[in-house]
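So the structure is just underneath, and the comments pick up after that.
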There are 2 protein chains.
Amino acid sequence: KQDQYPSRIYSEPMHIKRQDPIIYSNYRQKAPLEEALLDQYEKKGFLFLDDIFSDEEVINMQKHMQYLRDDGEIKQREESVTESSSGDIRSVFDVHKLDAFIQGVAEDPRLVRIAEYLLGDAVYLHQTRLNYKPGFRGKEFYWHSDFETWHVEDGMPRMRALSMSITLTPNDYHNGPLLLIPGSHLTYISCVGETPENNYLSSLKTQEVGVPDDASLQSLIEKNGIEAAVGQPGRIILFDCNVLHGSNGNITSSPRSNLFFVYNALSNRVDLPFGNTTPRPEYIAARKSIKALKKSD
Amino acid sequence: KQDQYPSRIYSEPMHIKRQDPIIYSNYRQKAPLEEALLDQYEKKGFLFLDDIFSDEEVINMQKHMQYLRDDGEIKQREESVTESSSGDIRSVFDVHKLDAFIQGVAEDPRLVRIAEYLLGDAVYLHQTRLNYKPGFRGKEFYWHSDFETWHVEDGMPRMRALSMSITLTPNDYHNGPLLLIPGSHLTYISCVGETPENNYLSSLKTQEVGVPDDASLQSLIEKNGIEAAVGQPGRIILFDCNVLHGSNGNITSSPRSNLFFVYNALSNRVDLPFGNTTPRPEYIAARKSIKALKKSD
């Protein structure tokens with residue numbers, strides 16, 4: 001099948017201009033976000049929403065995060081990814097299926113409406129997870145475009161998906177906040193290196209293929225800089241599927257955690273992986289259980 | 001022999017109140033630093049000096065850093081420590097003996113005068129090095145007190161030494177700046193864990209013994225916070241030998257490098273290691289070649 005965004009097949013990195021819209025809806029009058037925010041999203045590829053959730057809602061999310069972390073049974077599940085060194089929980093996938101309250105947050109009409117608007121379509125949850133970066137020995141996440149992996153390893157056809165990360169702890173400059181490269185969503189970096197079979201078993205701990213080369217990163221960072229998503233719990237970090245992002249490790253005593261929901265346009269549902277690998281498990285990339293979220297309007 | 005600061009011998013961490021002055025000179029009228037800086041040093045255990053070096057001096061230091069990094073012969077020397085994963089240079093020890101210009105900086109009367117004042121004695125160089133944290137894959141340095149290691153592994157008797165780190169690159173919040181815990185110099189944390197023989201061969205890459213326990217760090221950070229030494233090249237970060245410090249990794253494209261000089265009071269010269277281990281090599285801790293720096297006044 002034709003591949004607009006080939007990656008992991010050439011011996012040299014390539015830059016491919018983004019061939020998809022960033023905001024798919026054309027009307028702006030009844031948009032669920034202010035004009036300035038929409039402009040920022042087009043330009044940078046991400047935005048921060050600080051006023052969506054009440055304090056009580058944030059406290060409830062934090063409680064449910066704690067339930068999930070303390071649940072010994074959850075830690076044993078294949079949906080749970082642990083730190084290579086310590087065995088502590090790093091991510092729990094499919095978290096909306098494990099916790100009805102979190103499912104309610106992921107399907108909250110305030111979030112769904114924004115996703116529908118930006119993607120110009122009904123949306124479904126491609127992936128959900130709880131991320132937990134412990135204090136003292138939290139490891140880094142290297143720079144990557146989520147879309148690159150979703151395209152190559154999951155078969156997501158086009159750039160018509162977005163992520164919402166809801167921060168559940170304070171994020172400051174020292175505890176490994178999410179770092180984003182503004183404007184990086186406009187270029188697709190075709191990465192070098194073949195995908196090993198069952199790559200996800202190690203890549204969710206330390207990503208080694210599907211990461212951009214140093215020279216591409218250098219030029220993008222020199223041109224656009226780096227922005228850190230520092231802020232208080234309850235903030236939504238909303239970012240396009242192709243924005244390059246990552247985070248440094250965390251030696252401070254403050255852990256960092258967030259809920260992470262990926263909304264994909266229903267028309268952009270995954271097909272066979274473009275990298276011709278075995279599809280990743282359902283809990284990492286919805287394939288069989290695709291269901292449009294309730295229309296918000 | 002009697003040990004005021006035992007460490008690595010108990011099964012539980014212990015907190016020992018500092019038993020030594022912070023500033024050893026009593027006169028303040030002719031001090032080489034302003035009163036406010038001296039007060040800050042006593043309280044926090046560190047200070048930043050931005051006005052010592054001219055732009056030209058900083059450029060020369062950067063050039064010499066580059067010479068040393070590019071020198072294939074230097075990389076092969078035992079004084080050079082490389083990153084575990086990449087093999088890139090992480091530190092070059094005894095850098096004042098490898099480069100006469102850098103020796104001149106370490107012996108610069110402006111620096112020596114400050115060290116002599118704070119330590120109330122003639123001073124000598126206990127250790128010098130060039131530190132280089134590459135971009136993209138720079139690894140963290142975990143929290144530690146330099147004095148704990150110098151005491152246990154080198155035999156430095158008392159807290160009467162200080163370090164000057166001269167930054168040679170911009171340090172911002174993202175590229176793994178030095179993080180310090182203000183006020184941590186007032187408490188000696190007796191660490192848990194025995195010292196393996198030839199510990200320095202691995203500890204200079206990843207320190208695993210002589211690091212404070214999580215609970216001690218947590219309480220110190222909750223009480224005092226963390227301060228990041230962000231700033232422009234040419235700044236001197238001056239810190240007491242017992243201040244807890246460390247740094248996160250660095251996934252940005254900006255490397256971070258500095259010159260690092262340790263001044264010790266001549267009366268505080270090292271004896272046999274308090275941990276009863278074999279003394280570390282001369283290039284890590286001066287033992288035979290101790291020579292007071294020229295009196296600056």
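Chain labels run A, B, ... following the order of the structure tokens; each chain numbers its residues from 1, and ligands are numbered from 1 in the order shown.
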Determine which residues of chain A sit within 10 Å of chain B, taking into account only C-alpha atoms, and present them as a VMD selection string.
-> chain A and resid 135 to 143 172 to 177 179 213 to 215 217 to 222 225 to 228 246 to 254
For region 269-278 of chain A, list every protein, DNA or RNA residue within 6 Å, evaluated using only C-alpha atoms, and leave out those in the same chain fewer than 5 positions away; present the list as a PyMOL selection string.
-> chain A and resi 152-156
Selection from above, N, CA, C and O atoms, as an mmCIF file, in the first residue's frame, can you write it?
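The result, stored in result.cif:
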```cif
data_model
loop_
_atom_site.group_PDB
_atom_site.id
_atom_site.type_symbol
_atom_site.label_atom_id
_atom_site.label_comp_id
_atom_site.auth_asym_id
_atom_site.auth_seq_id
_atom_site.Cartn_x
_atom_site.Cartn_y
_atom_site.Cartn_z
ATOM 1 N N VAL A 152 4.090 3.569 11.760
ATOM 2 C CA VAL A 152 4.926 2.416 11.377
ATOM 3 C C VAL A 152 4.480 1.139 12.090
ATOM 4 O O VAL A 152 4.362 0.085 11.468
ATOM 5 N N GLU A 153 4.219 1.248 13.391
ATOM 6 C CA GLU A 153 3.966 0.034 14.187
ATOM 7 C C GLU A 153 2.481 -0.275 14.358
ATOM 8 O O GLU A 153 2.130 -1.413 14.684
ATOM 9 N N ASP A 154 1.620 0.755 14.186
ATOM 10 C CA ASP A 154 0.179 0.512 14.385
ATOM 11 C C ASP A 154 -0.639 0.640 13.094
ATOM 12 O O ASP A 154 -1.787 0.200 13.052
ATOM 13 N N GLY A 155 -0.085 1.301 12.083
ATOM 14 C CA GLY A 155 -0.841 1.470 10.838
ATOM 15 C C GLY A 155 -1.807 2.642 10.846
ATOM 16 O O GLY A 155 -2.829 2.615 10.157
ATOM 17 N N MET A 156 -1.480 3.696 11.603
ATOM 18 C CA MET A 156 -2.316 4.901 11.552
ATOM 19 C C MET A 156 -1.981 5.642 10.264
ATOM 20 O O MET A 156 -0.830 6.025 10.053
#
```
Can you show chain B as a compact mmCIF listing (two decimals) with C-alpha atoms, in the first residue's frame once it has been least-squares superposed onto chain A, using every C-alpha atom paired in order?
```txt
# COMPACT_ATOMS: atom_id res chain seq x y z
CA LYS B 1 0.03 0.00 -0.04
CA GLN B 2 1.09 3.59 -0.61
CA ASP B 3 2.94 5.23 2.25
CA GLN B 4 2.87 9.03 2.59
CA TYR B 5 5.13 8.88 5.58
CA PRO B 6 7.77 6.19 5.12
CA SER B 7 10.15 5.66 8.04
CA ARG B 8 12.73 3.10 9.20
CA ILE B 9 13.38 1.98 5.62
CA TYR B 10 16.05 4.38 4.31
CA SER B 11 19.70 4.45 5.30
CA GLU B 12 19.64 8.22 5.80
CA PRO B 13 17.13 10.39 7.66
CA MET B 14 14.69 12.28 5.44
CA HIS B 15 12.46 15.26 6.11
CA ILE B 16 8.96 15.01 4.66
CA LYS B 17 6.70 18.05 4.70
CA ARG B 18 3.49 17.43 6.60
CA GLN B 19 0.80 16.55 4.10
CA ASP B 20 -2.18 16.89 6.41
CA PRO B 21 -4.06 19.76 8.01
CA ILE B 22 -3.34 20.65 11.62
CA ILE B 23 -6.87 21.82 12.45
CA TYR B 24 -9.42 19.98 10.37
CA SER B 25 -12.50 22.11 11.08
CA ASN B 26 -12.86 25.29 9.07
CA TYR B 27 -15.46 27.15 11.10
CA ARG B 28 -14.12 29.23 13.95
CA GLN B 29 -17.23 30.97 15.29
CA LYS B 30 -18.47 28.08 17.36
CA ALA B 31 -15.08 26.53 18.03
CA PRO B 32 -14.66 25.17 21.56
CA LEU B 33 -11.34 27.04 21.90
CA GLU B 34 -10.48 30.71 21.61
CA GLU B 35 -9.05 32.06 18.39
CA ALA B 36 -5.64 32.79 19.96
CA LEU B 37 -5.32 29.22 21.21
CA LEU B 38 -6.24 27.84 17.79
CA ASP B 39 -3.59 30.03 16.17
CA GLN B 40 -1.04 28.81 18.70
CA TYR B 41 -1.98 25.20 18.05
CA GLU B 42 -1.52 25.64 14.32
CA LYS B 43 1.84 27.34 14.77
CA LYS B 44 3.39 25.39 17.63
CA GLY B 45 1.47 22.13 17.47
CA PHE B 46 0.45 22.21 21.12
CA LEU B 47 -1.35 24.25 23.75
CA PHE B 48 -1.96 24.22 27.48
CA LEU B 49 -5.45 24.32 29.01
CA ASP B 50 -5.51 25.25 32.68
CA ASP B 51 -9.19 25.89 33.28
CA ILE B 52 -10.98 22.73 32.27
CA PHE B 53 -11.12 20.79 35.51
CA SER B 54 -12.29 21.85 38.96
CA ASP B 55 -10.04 21.28 41.98
CA GLU B 56 -12.34 18.49 43.08
CA GLU B 57 -12.05 16.73 39.75
CA VAL B 58 -8.28 16.94 39.91
CA ILE B 59 -8.24 15.53 43.43
CA ASN B 60 -10.38 12.62 42.28
CA MET B 61 -8.06 11.89 39.39
CA GLN B 62 -5.10 11.92 41.78
CA LYS B 63 -6.91 9.47 44.05
CA HIS B 64 -7.60 7.09 41.20
CA MET B 65 -4.00 7.34 40.07
CA GLN B 66 -3.01 6.29 43.57
CA TYR B 67 -5.45 3.36 43.62
CA LEU B 68 -3.99 2.07 40.39
CA ARG B 69 -0.39 2.42 41.58
CA ASP B 70 -1.09 0.72 44.88
CA ASP B 71 -2.93 -2.18 43.29
CA GLY B 72 -0.54 -5.13 43.32
CA GLU B 73 -2.68 -6.96 40.79
CA ILE B 74 -2.44 -4.10 38.28
CA LYS B 75 1.36 -4.12 38.50
CA GLN B 76 1.40 -7.73 37.35
CA ARG B 77 -0.76 -7.12 34.28
CA GLU B 78 0.74 -6.95 30.82
CA GLU B 79 -0.75 -3.47 30.48
CA SER B 80 1.74 -2.27 33.11
CA VAL B 81 5.23 -1.17 32.09
CA THR B 82 7.84 -1.01 34.83
CA GLU B 83 11.18 0.83 35.10
CA SER B 84 14.07 -1.30 33.82
CA SER B 85 16.14 -0.79 36.98
CA SER B 86 13.72 -0.55 39.90
CA GLY B 87 10.64 -2.46 38.76
CA ASP B 88 8.43 0.51 39.70
CA ILE B 89 5.42 1.28 37.55
CA ARG B 90 6.22 3.58 34.64
CA SER B 91 2.99 3.31 32.66
CA VAL B 92 -0.36 1.53 32.86
CA PHE B 93 -2.03 1.18 29.47
CA ASP B 94 -5.74 0.96 28.75
CA VAL B 95 -6.34 2.75 31.98
CA HIS B 96 -9.88 3.75 30.94
CA LYS B 97 -10.81 0.08 30.87
CA LEU B 98 -9.40 -0.54 34.34
CA ASP B 99 -11.10 2.38 36.07
CA ALA B 100 -14.60 3.66 35.28
CA PHE B 101 -13.93 7.08 36.74
CA ILE B 102 -10.96 7.54 34.41
CA GLN B 103 -13.09 6.33 31.53
CA GLY B 104 -15.48 9.14 32.40
CA VAL B 105 -12.65 11.66 32.21
CA ALA B 106 -11.46 10.36 28.84
CA GLU B 107 -15.01 10.55 27.49
CA ASP B 108 -15.79 13.88 29.11
CA PRO B 109 -17.72 16.02 26.59
CA ARG B 110 -15.41 18.98 27.29
CA LEU B 111 -12.46 16.99 25.99
CA VAL B 112 -14.31 15.14 23.23
CA ARG B 113 -15.68 18.38 21.81
CA ILE B 114 -12.17 19.85 21.49
CA ALA B 115 -10.81 16.67 19.90
CA GLU B 116 -13.74 16.52 17.45
CA TYR B 117 -13.22 20.12 16.48
CA LEU B 118 -9.49 19.88 15.89
CA LEU B 119 -9.73 16.57 14.04
CA GLY B 120 -12.93 17.47 12.16
CA ASP B 121 -14.52 14.10 12.74
CA ALA B 122 -16.00 11.80 15.32
CA VAL B 123 -13.19 10.50 17.52
CA TYR B 124 -12.24 7.34 19.38
CA LEU B 125 -9.58 6.45 21.92
CA HIS B 126 -6.54 5.05 20.17
CA GLN B 127 -4.62 4.62 23.40
CA THR B 128 -4.93 5.63 27.03
CA ARG B 129 -2.44 5.39 29.81
CA LEU B 130 -1.32 6.52 33.20
CA ASN B 131 2.32 7.65 33.23
CA TYR B 132 4.28 7.72 36.41
CA LYS B 133 7.81 9.09 36.62
CA PRO B 134 9.09 8.43 40.13
CA GLY B 135 11.30 10.83 42.01
CA PHE B 136 15.02 10.15 42.57
CA ARG B 137 15.48 7.70 39.72
CA GLY B 138 12.95 8.71 37.05
CA LYS B 139 14.32 7.92 33.62
CA GLU B 140 14.18 10.11 30.55
CA PHE B 141 11.90 9.66 27.54
CA TYR B 142 13.92 10.41 24.44
CA TRP B 143 12.64 12.74 21.70
CA HIS B 144 10.05 11.20 19.41
CA SER B 145 6.98 11.87 17.30
CA ASP B 146 4.11 9.68 18.48
CA PHE B 147 2.75 9.58 14.95
CA GLU B 148 5.94 8.02 13.62
CA THR B 149 5.41 5.00 15.87
CA TRP B 150 1.65 4.88 15.43
CA HIS B 151 2.11 4.97 11.65
CA VAL B 152 4.92 2.43 11.37
CA GLU B 153 3.96 0.06 14.18
CA ASP B 154 0.17 0.51 14.38
CA GLY B 155 -0.84 1.47 10.83
CA MET B 156 -2.33 4.90 11.53
CA PRO B 157 -2.66 6.38 8.03
CA ARG B 158 -2.54 10.16 8.45
CA MET B 159 -1.75 12.90 10.92
CA ARG B 160 -5.26 13.21 12.28
CA ALA B 161 -4.82 12.37 15.96
CA LEU B 162 -3.91 14.28 19.08
CA SER B 163 -2.97 13.62 22.66
CA MET B 164 -4.16 15.13 25.89
CA SER B 165 -1.89 14.73 28.86
CA ILE B 166 -3.55 15.70 32.12
CA THR B 167 -0.89 16.49 34.71
CA LEU B 168 -1.57 15.03 38.15
CA THR B 169 1.48 16.43 39.96
CA PRO B 170 3.21 19.80 39.84
CA ASN B 171 5.63 19.95 36.94
CA ASP B 172 8.57 22.22 37.48
CA TYR B 173 11.84 22.69 35.63
CA HIS B 174 13.63 20.14 37.77
CA ASN B 175 11.39 17.08 37.87
CA GLY B 176 11.55 16.15 34.21
CA PRO B 177 8.66 18.09 32.69
CA LEU B 178 7.43 17.34 29.18
CA LEU B 179 9.64 19.19 26.68
CA LEU B 180 8.20 20.05 23.28
CA ILE B 181 9.76 21.49 20.12
CA PRO B 182 7.34 24.12 18.81
CA GLY B 183 6.70 23.84 15.07
CA SER B 184 8.13 20.34 14.81
CA HIS B 185 4.67 19.02 13.84
CA LEU B 186 5.16 20.55 10.37
CA THR B 187 7.90 18.11 9.39
CA TYR B 188 7.90 14.35 9.45
CA ILE B 189 11.31 12.94 10.16
CA SER B 190 11.80 9.63 8.42
CA CYS B 191 13.95 7.75 10.94
CA VAL B 192 16.78 5.33 10.31
CA GLY B 193 16.82 1.80 11.71
CA GLU B 194 14.71 -1.31 11.27
CA THR B 195 11.96 -2.21 13.71
CA PRO B 196 12.76 -5.36 15.67
CA GLU B 197 9.90 -7.83 16.15
CA ASN B 198 8.00 -7.15 19.39
CA ASN B 199 9.77 -3.80 19.61
CA TYR B 200 7.10 -2.51 22.01
CA LEU B 201 8.34 -4.77 24.80
CA SER B 202 11.51 -2.68 25.08
CA SER B 203 10.55 0.57 23.32
CA LEU B 204 8.05 1.50 26.02
CA LYS B 205 10.95 1.50 28.47
CA THR B 206 13.68 2.92 26.26
CA GLN B 207 12.85 3.89 22.70
CA GLU B 208 15.72 3.10 20.34
CA VAL B 209 14.19 2.93 16.87
CA GLY B 210 11.86 5.58 15.53
CA VAL B 211 13.87 8.34 17.17
CA PRO B 212 15.08 11.31 15.12
CA ASP B 213 18.75 11.67 14.28
CA ASP B 214 20.93 14.21 16.08
CA ALA B 215 21.32 16.56 13.11
CA SER B 216 17.55 16.85 12.58
CA LEU B 217 16.98 17.53 16.26
CA GLN B 218 19.81 20.04 16.38
CA SER B 219 18.41 22.05 13.46
CA LEU B 220 14.83 21.97 14.74
CA ILE B 221 15.87 23.02 18.24
CA GLU B 222 18.15 25.77 16.93
CA LYS B 223 15.31 27.09 14.80
CA ASN B 224 12.41 26.74 17.24
CA GLY B 225 13.77 26.23 20.73
CA ILE B 226 12.30 23.99 23.40
CA GLU B 227 9.26 24.67 25.54
CA ALA B 228 8.75 22.99 28.93
CA ALA B 229 5.23 22.14 30.06
CA VAL B 230 5.66 23.37 33.63
CA GLY B 231 2.50 24.00 35.60
CA GLN B 232 0.12 22.90 38.28
CA PRO B 233 -1.87 19.64 38.51
CA GLY B 234 -4.99 19.51 36.38
CA ARG B 235 -3.50 21.22 33.35
CA ILE B 236 -4.16 19.62 29.97
CA ILE B 237 -1.19 19.53 27.65
CA LEU B 238 -2.80 19.07 24.25
CA PHE B 239 -0.49 18.20 21.38
CA ASP B 240 -0.60 17.16 17.78
CA CYS B 241 0.43 13.60 17.00
CA ASN B 242 3.57 14.69 15.14
CA VAL B 243 5.08 17.16 17.64
CA LEU B 244 8.53 16.09 18.80
CA HIS B 245 8.56 15.73 22.55
CA GLY B 246 10.50 14.03 25.30
CA SER B 247 11.59 14.56 28.87
CA ASN B 248 14.73 14.47 30.92
CA GLY B 249 15.14 12.16 33.88
CA ASN B 250 14.19 13.17 37.40
CA ILE B 251 16.58 13.04 40.35
CA THR B 252 14.42 15.30 42.52
CA SER B 253 12.18 13.90 45.24
CA SER B 254 9.03 14.98 43.34
CA PRO B 255 7.42 12.32 41.18
CA ARG B 256 5.66 13.34 38.02
CA SER B 257 2.51 11.68 36.79
CA ASN B 258 -0.17 12.24 34.21
CA LEU B 259 -3.13 10.71 32.47
CA PHE B 260 -2.60 10.38 28.78
CA PHE B 261 -5.43 10.01 26.25
CA VAL B 262 -4.97 9.70 22.50
CA TYR B 263 -7.91 10.72 20.34
CA ASN B 264 -7.93 9.61 16.72
CA ALA B 265 -10.37 10.61 13.97
CA LEU B 266 -12.78 7.77 13.24
CA SER B 267 -11.91 8.07 9.53
CA ASN B 268 -8.23 7.66 10.44
CA ARG B 269 -8.59 4.30 12.17
CA VAL B 270 -5.56 2.05 12.01
CA ASP B 271 -4.95 -0.46 9.25
CA LEU B 272 -2.07 -2.93 9.00
CA PRO B 273 1.22 -1.44 10.26
CA PHE B 274 3.12 0.46 7.56
CA GLY B 275 6.30 -1.16 8.85
CA ASN B 276 4.90 -4.63 8.03
CA THR B 277 5.42 -5.79 11.59
CA THR B 278 2.95 -7.75 13.69
CA PRO B 279 0.38 -5.31 15.10
CA ARG B 280 1.01 -4.27 18.69
CA PRO B 281 -1.40 -5.51 21.35
CA GLU B 282 -4.88 -4.07 21.57
CA TYR B 283 -4.08 -2.33 24.89
CA ILE B 284 -1.42 -0.21 23.16
CA ALA B 285 -3.33 0.53 19.96
CA ALA B 286 -7.08 0.02 19.61
CA ARG B 287 -7.78 -2.05 16.51
CA LYS B 288 -10.73 -4.34 17.16
CA SER B 289 -12.58 -2.39 19.82
CA ILE B 290 -12.92 0.91 17.98
CA LYS B 291 -15.98 2.84 19.08
CA ALA B 292 -16.73 6.50 18.40
CA LEU B 293 -17.09 8.50 21.57
CA LYS B 294 -20.54 9.93 22.13
CA LYS B 295 -21.05 12.97 19.98
CA SER B 296 -20.72 15.91 22.24
CA ASP B 297 -23.19 18.17 20.48
```
Step one, run DSSP on the backbone; step two, keep only residues of region 104-296 of chain B assigned to strand (DSSP E); then write them as a PyMOL selection string.
-> chain B and resi 123-133+141-145+161-167+179-180+187-190+227-228+236-240+244-247+256-265
Picked from region 95-183 of chain B by DSSP as alpha helix (DSSP H), as a PyMOL selection string | chain B and resi 95-98+100-106+109-119+146-149
How would the residues just picked look written out with N, CA, C and O atoms as a CSV table (one decimal), in the first residue's frame?
```csv
chain,number,residue,atom,x,y,z
B,95,VAL,N,43.3,18.2,34.9
B,95,VAL,CA,43.3,19.0,33.7
B,95,VAL,C,44.3,20.1,33.8
B,95,VAL,O,44.9,20.6,32.7
B,96,HIS,N,44.7,20.6,35.0
B,96,HIS,CA,45.7,21.7,35.1
B,96,HIS,C,47.1,21.2,34.8
B,96,HIS,O,48.0,21.9,34.5
B,97,LYS,N,47.3,19.8,34.8
B,97,LYS,CA,48.6,19.3,34.5
B,97,LYS,C,48.7,19.0,33.0
B,97,LYS,O,49.8,18.8,32.5
B,98,LEU,N,47.6,19.0,32.3
B,98,LEU,CA,47.6,18.7,30.9
B,98,LEU,C,47.6,19.9,30.1
B,98,LEU,O,47.8,19.9,28.9
B,100,ALA,N,48.7,24.1,30.3
B,100,ALA,CA,49.2,25.2,31.1
B,100,ALA,C,48.3,26.4,31.3
B,100,ALA,O,48.3,27.1,32.3
B,101,PHE,N,47.5,26.7,30.2
B,101,PHE,CA,46.6,27.8,30.3
B,101,PHE,C,45.6,27.5,31.4
B,101,PHE,O,45.3,28.4,32.2
B,102,ILE,N,45.1,26.3,31.5
B,102,ILE,CA,44.1,25.9,32.5
B,102,ILE,C,44.7,26.0,33.9
B,102,ILE,O,44.1,26.4,34.9
B,103,GLN,N,46.0,25.6,33.9
B,103,GLN,CA,46.7,25.7,35.2
B,103,GLN,C,46.7,27.2,35.7
B,103,GLN,O,46.5,27.4,36.9
B,104,GLY,N,46.9,28.0,34.7
B,104,GLY,CA,46.9,29.5,35.1
B,104,GLY,C,45.6,29.9,35.6
B,104,GLY,O,45.5,30.7,36.5
B,105,VAL,N,44.5,29.4,35.1
B,105,VAL,CA,43.2,29.8,35.6
B,105,VAL,C,43.0,29.2,37.0
B,105,VAL,O,42.5,29.9,37.9
B,106,ALA,N,43.4,28.0,37.2
B,106,ALA,CA,43.2,27.4,38.5
B,106,ALA,C,44.0,28.1,39.6
B,106,ALA,O,43.6,28.2,40.8
B,109,PRO,N,45.1,34.4,40.9
B,109,PRO,CA,45.0,35.1,42.2
B,109,PRO,C,43.6,35.5,42.6
B,109,PRO,O,43.3,35.4,43.8
B,110,ARG,N,42.8,35.8,41.6
B,110,ARG,CA,41.4,36.2,42.0
B,110,ARG,C,40.7,35.0,42.6
B,110,ARG,O,39.8,35.2,43.5
B,111,LEU,N,40.9,33.8,42.1
B,111,LEU,CA,40.3,32.6,42.7
B,111,LEU,C,40.9,32.2,44.0
B,111,LEU,O,40.3,31.8,45.0
B,112,VAL,N,42.3,32.2,44.0
B,112,VAL,CA,43.0,31.7,45.1
B,112,VAL,C,42.7,32.6,46.4
B,112,VAL,O,42.5,32.1,47.5
B,113,ARG,N,42.6,33.9,46.1
B,113,ARG,CA,42.3,34.8,47.3
B,113,ARG,C,41.0,34.4,47.9
B,113,ARG,O,40.8,34.4,49.1
B,114,ILE,N,40.0,34.1,47.1
B,114,ILE,CA,38.6,33.8,47.6
B,114,ILE,C,38.7,32.5,48.4
B,114,ILE,O,38.2,32.4,49.5
B,115,ALA,N,39.4,31.5,47.8
B,115,ALA,CA,39.5,30.2,48.5
B,115,ALA,C,40.3,30.3,49.8
B,115,ALA,O,39.8,29.8,50.8
B,116,GLU,N,41.4,31.1,49.8
B,116,GLU,CA,42.1,31.3,51.0
B,116,GLU,C,41.3,32.0,52.1
B,116,GLU,O,41.3,31.6,53.3
B,117,TYR,N,40.5,32.9,51.7
B,117,TYR,CA,39.6,33.7,52.6
B,117,TYR,C,38.6,32.7,53.3
B,117,TYR,O,38.5,32.6,54.5
B,118,LEU,N,37.9,32.0,52.4
B,118,LEU,CA,36.8,31.2,52.9
B,118,LEU,C,37.4,30.0,53.8
B,118,LEU,O,36.7,29.6,54.8
B,119,LEU,N,38.5,29.5,53.4
B,119,LEU,CA,39.1,28.3,54.1
B,119,LEU,C,40.1,28.8,55.2
B,119,LEU,O,40.5,27.9,56.0
B,146,ASP,N,30.3,16.0,47.9
B,146,ASP,CA,31.7,15.7,47.5
B,146,ASP,C,32.5,15.2,48.7
B,146,ASP,O,33.3,14.3,48.7
B,147,PHE,N,32.3,16.0,49.9
B,147,PHE,CA,33.1,15.7,51.1
B,147,PHE,C,32.9,14.2,51.5
B,147,PHE,O,33.9,13.6,52.0
B,148,GLU,N,31.7,13.7,51.4
B,148,GLU,CA,31.5,12.3,51.9
B,148,GLU,C,32.5,11.4,51.2
B,148,GLU,O,33.2,10.6,51.8
B,149,THR,N,32.6,11.6,49.8
B,149,THR,CA,33.6,10.7,49.1
B,149,THR,C,35.0,11.1,49.4
B,149,THR,O,35.8,10.2,49.7
```
